[in-house]
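J.: This structure is in structure tokens; I'll ask about it shortly.
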Amino acid sequence: MLFVEGMPLLYLELAVGQRMRQGSIGAWRTVSPYLSGVGVASMVVSFFLTVYYNVINTWAFWYLFQSFQDPLPWSVCPLNGNHTGYDEECEKASSTQYFWYRKTLNISPSIQDNGGVQWELALCLILAWLVVYLCILRGTESTGKVVYFTALLPYCVLIVYLVRGLTLHGATNGLMYMFTPKVKQLADPKAWINAATQIFFSLGLGFGSLIAFASYNELSSNCQKHAIIVALINSSTSIFASIVTFSIYGFKATFNYEDCLNKVILLLTNYFDLEEGSLTASNLEEVKGHLASTYPSKYSEVFPQIRNCSLESELGTAVQGSGLSFIVYTEAIKNMEVSQLWSVLYFFMLLMLGIGSMLGNTAAILTPLTDSRVISSHLPKEVISGLVCLINCAIGLVFTTEAGSYWFDIFNDYAATLSLLLIVLVETVSVSYVYGLRRFESDLKAMTGQAVNWYWKAMWAIVSPLLIISLFIFYLSDYVLKGTLQYQAWDATQGQLVTRDYPVYALAIIGLLVATSIMCIPLVALGVFIMRCLKRGGTALVG
């Protein structure tokens with residue numbers, strides 16, 4: 001995916017921005033007036049992304065503030081109202097799940113139950129947007145300086161975490177799980193769709209932010225070299241971060257697996273009055289078989305209480321589902337020595353990464369707005385930036401309600417995925433066949449002094465468009481086969497997630513999210529066509 005999609009499309013967007021010297025809307029209008037909608041679509045997708053993405057920073061701020069407590073508030077379950085035992089919901093789930101779903105989100109049982117705004121989260125959201133505003137206040141000059149900090153600091157934290165992670169008990173189990181090929185998953189088209197989506201998000205393809213930043217480059221900058229370097233660094237960082245993550249996951253999974261074994265050993269030792277130390281993890285299965293054959297009736301009584309302990313299952317659950325950063329990682333951190341330090345480091349790193357991403361997303365919105373003479377002639381940059389942040393913050397309050405996490409999942413799953421595929425497809429086709437590949441090649445040669453080799457031309461004209469079309473078809477067929485769209489809701493009585501169908505109005509909002517950005521492309525093209533027809537008609541009438 002990196003070499004047939006990520007790198008070629010990154011080069012294309014950087015080259016378009018550097019050549020046209022404008023934001024996404026102006027750049028595609030220069031390619032063809034009928035393509036102005038591509039820039040508008042990118043701007044709409046970036047708007048949707050900024051609306052919900054800063055909620056991650058909101059949660060990171062909340063957990064960062066909570067990390068200064070001793071013990072960590074998610075390390076143990078709270079007592080019930082009578083102080084006679086632990087809270088029932090927490091006992092059925094886990095202390096980290098309880099803190100996430102009940103104390104942080106105060107989640108409702110379904111998307112229909114909106115509930116009220118959680119004011120602690122609302123204040124963290126306002127703080128997150130205030131930080132973003134201060135970073136973008138003076139445009140690309142201040143943004144560039146901040147990005148150096150938000151991009152480099154996480155590497156320092158990751159290196160510290162790598163050293164700590166590799167020294168944890170069970171880290172090798174996580175690394176073996178990471179590097180073991182999952183052949184069955186490779187045959188699943190959805191895995192490739194997820195890989196393509198990940199490339200889009202990690203490189204920022206289709207959002208317009210790359211075009212916006214590239215428009216400030218020197219005209220003679222070697223954008224081909226920049227594309228290769230950025231793509232390779234991005235992928236190397238992903239692998240590096242995955243090694244850190246899976247070493248931590250390995251520790252967490254091994255800890256839970258051994259804890260499960262110890263509970264089973266304790267249960268059988270007490271129930272059958274076995275000699276202490278005679279039952280160990282190594283002979284557990286053998287002894288269980290012996291007890292089942294020797295005391296069948298007694299074993300059948302205790303059998304429902306015997307948990308099925310599996311390291312593979314623990315590793316599998318460690319890399320699935322939403323809220324991984326706030327459930328799985330916190331569960332591993334709480335079992336580390338000096339857990340407060342590791343928690344502060346982790347959430348500060350997460351915050352830096354989130355703010356860095358937000359700066360790129362907001363640039364994709366602000367650059368077209370400041371490029372507009374109508375807007376920039378009446379409002380200074382600081383006011384435009386402030387209004388964008390204020391509007392996003394006001395809409396983002398929806399995600400701080402009791403049903404906010406369900407709406408967050410809707411935006412995360414549907415606001416950008418399908419739209420990005422179509423936007424990037426139109427971009428590659430437009431450059432290759434509307435603007436003309438030969439014309440684009442000559443522009444690049446005039447800018448950088450280097451000819452475009454056959455690899456890039458083949459990717460832009462043939463391979464990347466065909467791959468995107470294939471992914472687009474797989475994506476649509478996957479949802480058709482699924483039937484009714486569903487979501488994961490938290491059931492407090494069971495202490496776990498359950499699957500529910502989206503209500504009709506939620507499905508309508510999903511359709512609106514997808515259509516709002518996608519329809520910009522044909523509607524703007526139709527508007528340009530009508531305006532030109534009217535202009536020609538008026539000119540003919542005057543003549």
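Chains: A, B, ... in order of the structure tokens. Residues: from 1 per chain. Ligands: from 1, in order shown.
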From region 52-159 of chain A, collect each residue whose DSSP state is alpha helix (DSSP H) and return the set as a ChimeraX atom specification.
T.: /A:52-66,88-92,95-98,119-136,140-159
J.: Which residues of region 202-254 of chain A come within 6 Å of region 3-15 of chain A, and what is each one's closest atom pair and distance in Å (one decimal), counting only C-alpha atoms, sorted by chain and residue number, as a Markdown table?
T.:
| residue | atom | partner | partner_atom | distance |
| --- | --- | --- | --- | --- |
| A:Ile211 | CA | A:Glu13 | CA | 5.6 |
| A:Ala214 | CA | A:Leu14 | CA | 5.4 |
| A:Gln224 | CA | A:Tyr11 | CA | 5.8 |
| A:Ala227 | CA | A:Tyr11 | CA | 5.0 |
| A:Ala231 | CA | A:Met7 | CA | 5.9 |
J.: Rank A:Phe408, A:Phe179, A:Phe272, A:Trp456 by their smallest atom-to-atom distance to Val51 (chain A), using only C-alpha atoms, and report the top residue only.
T.: A:Phe408
J.: At a cut-off of 9 Å, using only C-alpha atoms, what residues contact Gly204 (chain A)? Leave out same-chain residues fewer than 3 positions from it and give the result as an NGL selection string.
T.: :A and (10 or 199-201 or 207-210 or 357 or 360-361)
J.: Restricting the output to N, CA, C and O atoms, write the selected residues as a compact mmCIF listing (two decimals), in the first residue's frame.
T.:
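Contents of the output file out.txt:
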# COMPACT_ATOMS: atom_id res chain seq x y z
N LEU A 10 1.12 10.94 -2.19
CA LEU A 10 1.76 11.99 -1.39
C LEU A 10 2.57 12.91 -2.30
O LEU A 10 2.50 14.14 -2.18
N ILE A 199 -3.21 4.40 5.65
CA ILE A 199 -2.23 5.17 4.86
C ILE A 199 -2.75 6.57 4.60
O ILE A 199 -2.02 7.57 4.73
N PHE A 200 -4.04 6.68 4.24
CA PHE A 200 -4.64 7.99 3.98
C PHE A 200 -4.53 8.89 5.21
O PHE A 200 -4.13 10.05 5.12
N PHE A 201 -4.90 8.34 6.39
CA PHE A 201 -4.91 9.14 7.60
C PHE A 201 -3.51 9.47 8.08
O PHE A 201 -3.24 10.59 8.50
N PHE A 207 -7.07 15.27 2.48
CA PHE A 207 -7.62 16.27 3.40
C PHE A 207 -7.36 17.71 2.94
O PHE A 207 -7.98 18.64 3.45
N GLY A 208 -6.42 17.88 2.03
CA GLY A 208 -6.08 19.22 1.57
C GLY A 208 -4.97 19.87 2.36
O GLY A 208 -4.43 20.92 1.97
N SER A 209 -4.58 19.27 3.50
CA SER A 209 -3.53 19.86 4.34
C SER A 209 -2.17 19.79 3.66
O SER A 209 -1.36 20.73 3.77
N LEU A 210 -1.90 18.71 2.93
CA LEU A 210 -0.61 18.59 2.22
C LEU A 210 -0.49 19.65 1.13
O LEU A 210 0.57 20.25 0.95
N SER A 357 -1.55 16.54 14.86
CA SER A 357 -2.51 16.18 13.81
C SER A 357 -3.55 17.28 13.60
O SER A 357 -3.94 17.57 12.47
N GLY A 360 -2.39 20.20 11.30
CA GLY A 360 -2.50 19.91 9.86
C GLY A 360 -3.94 19.98 9.39
O GLY A 360 -4.23 20.50 8.30
N ASN A 361 -4.86 19.45 10.20
CA ASN A 361 -6.27 19.46 9.81
C ASN A 361 -6.84 20.87 9.74
O ASN A 361 -7.60 21.20 8.81
J.: Neighbouring residues of region 306-316 of chain A were defined as those with any atom within 10 Å, considering only C-alpha atoms; residues of the same chain fewer than 5 positions away were excluded. Please report them as a ChimeraX atom specification.
T.: /A:173-174,177-178,246,249-265,267-268,299
J.: Got time to write the residues from that selection, N, CA, C and O atoms, as a compact mmCIF listing (two decimals), in the first residue's frame?
T.:
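That gives us selection.txt:
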# COMPACT_ATOMS: atom_id res chain seq x y z
N ASN A 173 6.13 -12.07 24.07
CA ASN A 173 4.86 -12.65 23.61
C ASN A 173 4.13 -11.68 22.68
O ASN A 173 3.57 -12.07 21.66
N GLY A 174 4.13 -10.41 23.07
CA GLY A 174 3.48 -9.40 22.24
C GLY A 174 4.18 -9.20 20.92
O GLY A 174 3.54 -9.05 19.87
N TYR A 177 3.50 -12.08 18.59
CA TYR A 177 2.15 -11.95 18.05
C TYR A 177 2.11 -10.91 16.93
O TYR A 177 1.43 -11.10 15.91
N MET A 178 2.86 -9.83 17.11
CA MET A 178 2.89 -8.76 16.10
C MET A 178 3.51 -9.23 14.80
O MET A 178 2.99 -8.95 13.71
N PHE A 246 3.17 -3.26 21.12
CA PHE A 246 2.97 -4.70 21.30
C PHE A 246 3.82 -5.26 22.44
O PHE A 246 3.47 -6.30 23.00
N TYR A 249 1.52 -4.47 25.19
CA TYR A 249 0.37 -5.38 25.09
C TYR A 249 0.76 -6.79 25.53
O TYR A 249 -0.03 -7.51 26.16
N GLY A 250 1.98 -7.20 25.17
CA GLY A 250 2.46 -8.52 25.58
C GLY A 250 2.54 -8.64 27.09
O GLY A 250 2.16 -9.67 27.67
N PHE A 251 3.03 -7.58 27.74
CA PHE A 251 3.09 -7.55 29.19
C PHE A 251 1.69 -7.62 29.78
O PHE A 251 1.43 -8.40 30.72
N LYS A 252 0.78 -6.83 29.24
CA LYS A 252 -0.59 -6.81 29.75
C LYS A 252 -1.26 -8.17 29.57
O LYS A 252 -1.91 -8.70 30.49
N ALA A 253 -1.12 -8.76 28.37
CA ALA A 253 -1.74 -10.05 28.10
C ALA A 253 -1.15 -11.16 28.97
O ALA A 253 -1.88 -12.01 29.50
N THR A 254 0.17 -11.16 29.14
CA THR A 254 0.83 -12.17 29.96
C THR A 254 0.43 -12.04 31.42
O THR A 254 0.18 -13.04 32.11
N PHE A 255 0.34 -10.80 31.90
CA PHE A 255 -0.09 -10.55 33.28
C PHE A 255 -1.49 -11.09 33.51
O PHE A 255 -1.76 -11.78 34.51
N ASN A 256 -2.42 -10.79 32.58
CA ASN A 256 -3.80 -11.26 32.72
C ASN A 256 -3.89 -12.78 32.61
O ASN A 256 -4.67 -13.43 33.31
N TYR A 257 -3.08 -13.36 31.70
CA TYR A 257 -3.07 -14.81 31.51
C TYR A 257 -2.58 -15.52 32.77
O TYR A 257 -3.20 -16.49 33.24
N GLU A 258 -1.49 -15.05 33.34
CA GLU A 258 -0.94 -15.67 34.55
C GLU A 258 -1.86 -15.44 35.75
O GLU A 258 -1.99 -16.32 36.62
N ASP A 259 -2.51 -14.27 35.80
CA ASP A 259 -3.48 -14.00 36.86
C ASP A 259 -4.66 -14.96 36.76
O ASP A 259 -5.16 -15.46 37.78
N CYS A 260 -5.09 -15.23 35.54
CA CYS A 260 -6.18 -16.18 35.30
C CYS A 260 -5.78 -17.58 35.76
O CYS A 260 -6.56 -18.28 36.44
N LEU A 261 -4.57 -18.01 35.41
CA LEU A 261 -4.08 -19.33 35.82
C LEU A 261 -4.01 -19.44 37.34
O LEU A 261 -4.41 -20.46 37.92
N ASN A 262 -3.52 -18.39 37.99
CA ASN A 262 -3.39 -18.41 39.45
C ASN A 262 -4.75 -18.52 40.13
O ASN A 262 -4.89 -19.19 41.17
N LYS A 263 -5.77 -17.86 39.56
CA LYS A 263 -7.11 -17.94 40.13
C LYS A 263 -7.70 -19.33 39.98
O LYS A 263 -8.36 -19.86 40.89
N VAL A 264 -7.45 -19.97 38.83
CA VAL A 264 -7.92 -21.34 38.60
C VAL A 264 -7.20 -22.31 39.54
O VAL A 264 -7.82 -23.20 40.14
N ILE A 265 -5.90 -22.12 39.70
CA ILE A 265 -5.11 -22.97 40.60
C ILE A 265 -5.61 -22.84 42.04
O ILE A 265 -5.78 -23.83 42.75
N LEU A 267 -8.59 -21.85 43.02
CA LEU A 267 -9.94 -22.41 43.09
C LEU A 267 -9.89 -23.93 43.25
O LEU A 267 -10.55 -24.50 44.14
N LEU A 268 -9.12 -24.62 42.40
CA LEU A 268 -9.05 -26.08 42.44
C LEU A 268 -8.35 -26.57 43.70
O LEU A 268 -8.75 -27.60 44.29
N TYR A 299 -16.30 -32.37 40.19
CA TYR A 299 -15.67 -31.50 39.17
C TYR A 299 -16.74 -30.78 38.36
O TYR A 299 -16.55 -29.62 37.97
J.: Leaving out Leu125 (chain A) and any residue of its chain fewer than 2 positions from it, which residues lie within 8 Å of it when counting only C-alpha atoms, given as a PyMOL selection string?
T.: chain A and resi 54-55+57-58+121-123+127-129+393+396-397
J.: Selected residues, C-alpha atoms, written as a compact mmCIF listing (two decimals), in the first residue's frame, please.
T.:
# COMPACT_ATOMS: atom_id res chain seq x y z
CA ASN A 54 -9.98 17.07 19.10
CA VAL A 55 -12.19 14.97 21.37
CA ASN A 57 -7.15 15.39 22.90
CA THR A 58 -9.99 16.11 25.32
CA LEU A 121 -15.06 16.76 29.54
CA ALA A 122 -16.57 19.97 28.16
CA LEU A 123 -13.95 22.03 29.99
CA LEU A 127 -8.90 23.69 26.78
CA ALA A 128 -7.98 21.49 23.81
CA TRP A 129 -9.39 24.02 21.33
CA CYS A 393 -15.70 23.58 19.74
CA GLY A 396 -17.81 19.19 19.54
CA LEU A 397 -19.84 19.56 22.75
J.: Tell me which protein, DNA and RNA residues are within 12 Å of Gln486 (chain A), counting only C-alpha atoms, leaving out same-chain ones fewer than 3 positions away, and put them as a PyMOL selection string.
T.: chain A and resi 110-111+406+409-410+413+479+482-483+489+498-504+506-507+510
J.: Any chance you could export the current selection's N, CA, C and O atoms as a short mmCIF file (atom, residue, chain, number, x, y, z; two decimals), in the first residue's frame?
T.:
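As written to disk, result_6.cif reads:
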data_model
loop_
_atom_site.label_atom_id
_atom_site.label_comp_id
_atom_site.auth_asym_id
_atom_site.auth_seq_id
_atom_site.Cartn_x
_atom_site.Cartn_y
_atom_site.Cartn_z
N SER A 110 -27.53 3.45 25.15
CA SER A 110 -27.74 3.43 23.69
C SER A 110 -27.60 4.85 23.15
O SER A 110 -27.61 5.83 23.91
N ILE A 111 -27.52 4.96 21.84
CA ILE A 111 -27.36 6.25 21.19
C ILE A 111 -28.63 7.10 21.31
O ILE A 111 -28.57 8.33 21.22
N TYR A 406 -20.81 7.40 21.08
CA TYR A 406 -21.48 6.75 19.95
C TYR A 406 -21.43 7.66 18.72
O TYR A 406 -21.21 7.19 17.60
N ASP A 409 -17.96 7.62 17.29
CA ASP A 409 -17.74 6.44 16.44
C ASP A 409 -18.35 6.63 15.05
O ASP A 409 -17.77 6.20 14.04
N ILE A 410 -19.52 7.28 14.98
CA ILE A 410 -20.16 7.55 13.68
C ILE A 410 -19.26 8.44 12.83
O ILE A 410 -19.01 8.15 11.66
N ASP A 413 -16.03 6.55 11.82
CA ASP A 413 -16.21 5.45 10.86
C ASP A 413 -16.68 5.91 9.49
O ASP A 413 -16.35 5.29 8.48
N TYR A 479 -20.50 -3.19 3.11
CA TYR A 479 -21.66 -2.63 3.82
C TYR A 479 -22.97 -3.20 3.30
O TYR A 479 -23.93 -3.35 4.05
N LYS A 482 -23.33 -6.58 4.94
CA LYS A 482 -23.62 -6.46 6.37
C LYS A 482 -25.09 -6.20 6.64
O LYS A 482 -25.63 -6.59 7.67
N GLY A 483 -25.75 -5.54 5.70
CA GLY A 483 -27.15 -5.17 5.92
C GLY A 483 -27.24 -3.93 6.79
O GLY A 483 -26.59 -2.92 6.53
N ALA A 489 -22.60 -0.86 21.93
CA ALA A 489 -23.13 -0.08 23.06
C ALA A 489 -22.69 -0.73 24.37
O ALA A 489 -22.53 -1.95 24.45
N VAL A 498 -22.25 -4.57 23.82
CA VAL A 498 -23.24 -5.38 23.09
C VAL A 498 -23.52 -4.71 21.75
O VAL A 498 -23.35 -3.50 21.60
N THR A 499 -23.94 -5.49 20.78
CA THR A 499 -24.20 -4.96 19.43
C THR A 499 -25.65 -4.53 19.30
O THR A 499 -26.57 -5.28 19.66
N ARG A 500 -25.83 -3.32 18.79
CA ARG A 500 -27.18 -2.80 18.55
C ARG A 500 -27.27 -2.23 17.15
O ARG A 500 -26.25 -1.84 16.56
N ASP A 501 -28.50 -2.15 16.62
CA ASP A 501 -28.74 -1.55 15.31
C ASP A 501 -28.86 -0.03 15.47
O ASP A 501 -29.45 0.46 16.44
N TYR A 502 -28.30 0.70 14.49
CA TYR A 502 -28.46 2.15 14.50
C TYR A 502 -29.92 2.52 14.26
O TYR A 502 -30.58 1.90 13.42
N PRO A 503 -30.45 3.50 14.98
CA PRO A 503 -31.81 3.98 14.68
C PRO A 503 -31.84 4.69 13.33
O PRO A 503 -30.80 5.05 12.78
N VAL A 504 -33.03 4.93 12.83
CA VAL A 504 -33.20 5.51 11.49
C VAL A 504 -32.54 6.88 11.39
O VAL A 504 -31.87 7.19 10.40
N ALA A 506 -30.02 8.05 13.01
CA ALA A 506 -28.56 7.92 12.99
C ALA A 506 -28.09 7.50 11.60
O ALA A 506 -27.06 7.99 11.11
N LEU A 507 -28.85 6.60 10.95
CA LEU A 507 -28.51 6.19 9.58
C LEU A 507 -28.61 7.38 8.63
O LEU A 507 -27.80 7.52 7.70
N ILE A 510 -25.54 9.46 9.08
CA ILE A 510 -24.41 8.79 8.42
C ILE A 510 -24.42 9.08 6.92
O ILE A 510 -23.40 9.44 6.32
#
J.: Taking into account only C-alpha atoms, which residue in the set A:Thr172, A:Thr516, A:Ser215, A:Gln112 is nearest to Ala416 (chain A)?
T.: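 Looking at the shortest contact to Ala416 (chain A), the residue is A:Thr516.
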J.: Val528 (chain A): which residues within 12 Å, counting only C-alpha atoms, same-chain residues fewer than 3 positions away excluded, as a list in words?
T.: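 Within the cut-off, the hits are Arg29, Ser32, Pro33, Tyr34, Leu35, Ser36, Gly37, Cys520, Ile521, Pro522, Leu523, Val524, Ala525, Met531, Arg532, Cys533, Leu534 and Lys535 of chain A.
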J.: Given only C-alpha atoms as the basis, pick out the residue of A:Leu168, A:Val38, A:Val398, A:Leu284 nearest to Tyr52 (chain A).
T.: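 Closest to Tyr52 (chain A) of all the choices is A:Val398.
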J.: Would you please work out which residue, of A:Leu2, A:Thr294, A:Leu466, A:Asn217, is nearest to Leu232 (chain A) when using only C-alpha atoms?
T.: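 Closest to Leu232 (chain A) of all the choices is A:Leu2.
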J.: Between A:Ile384, A:Val76, A:Ser430, A:Thr50, which residue has the minimum interatomic distance to Glu91 (chain A), considering only C-alpha atoms?
T.: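 Closest residue, counting only C-alpha atoms: A:Val76.
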J.: Between A:Ser242, A:Asn453, A:Gln488, A:Thr417, which has the minimum distance to Leu162 (chain A) (counting only C-alpha atoms)?
T.: A:Ser242
J.: Using only C-alpha atoms, what does the table of region 31-79 of chain A residues within 8 Å of region 95-105 of chain A look like, with each row giving the shortest atom pair and its distance in Å to one decimal, sorted by chain and ascending number, as a tab-separated table?
T.:
residue	atom	partner	partner_atom	distance
A:Trp59	CA	A:Thr104	CA	8.0
A:Trp62	CA	A:Thr104	CA	8.0
A:Pro73	CA	A:Phe99	CA	7.5
A:Trp74	CA	A:Thr96	CA	5.0
A:Ser75	CA	A:Ser95	CA	6.0
A:Val76	CA	A:Ser95	CA	5.4
A:Cys77	CA	A:Ser95	CA	5.0
J.: One decimal, Å: what's the distance from CA of Leu422 (chain A) over to CA of Leu471 (chain A), could you say?
T.: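 Separating CA of Leu422 (chain A) from CA of Leu471 (chain A) is a distance of 10.2 Å.
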J.: Can you list every residue in region 296-543 of chain A that DSSP puts in strand (DSSP E or B), as a list in words?
T.: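 Taking region 296-543 of chain A and keeping strand (DSSP E or B) only, one gets Thr401, Gln486, Tyr487, Gln488, Ala489, Trp490, Asp491, Gln496, Leu497, Val498, Thr499, Arg500 and Asp501 of chain A.
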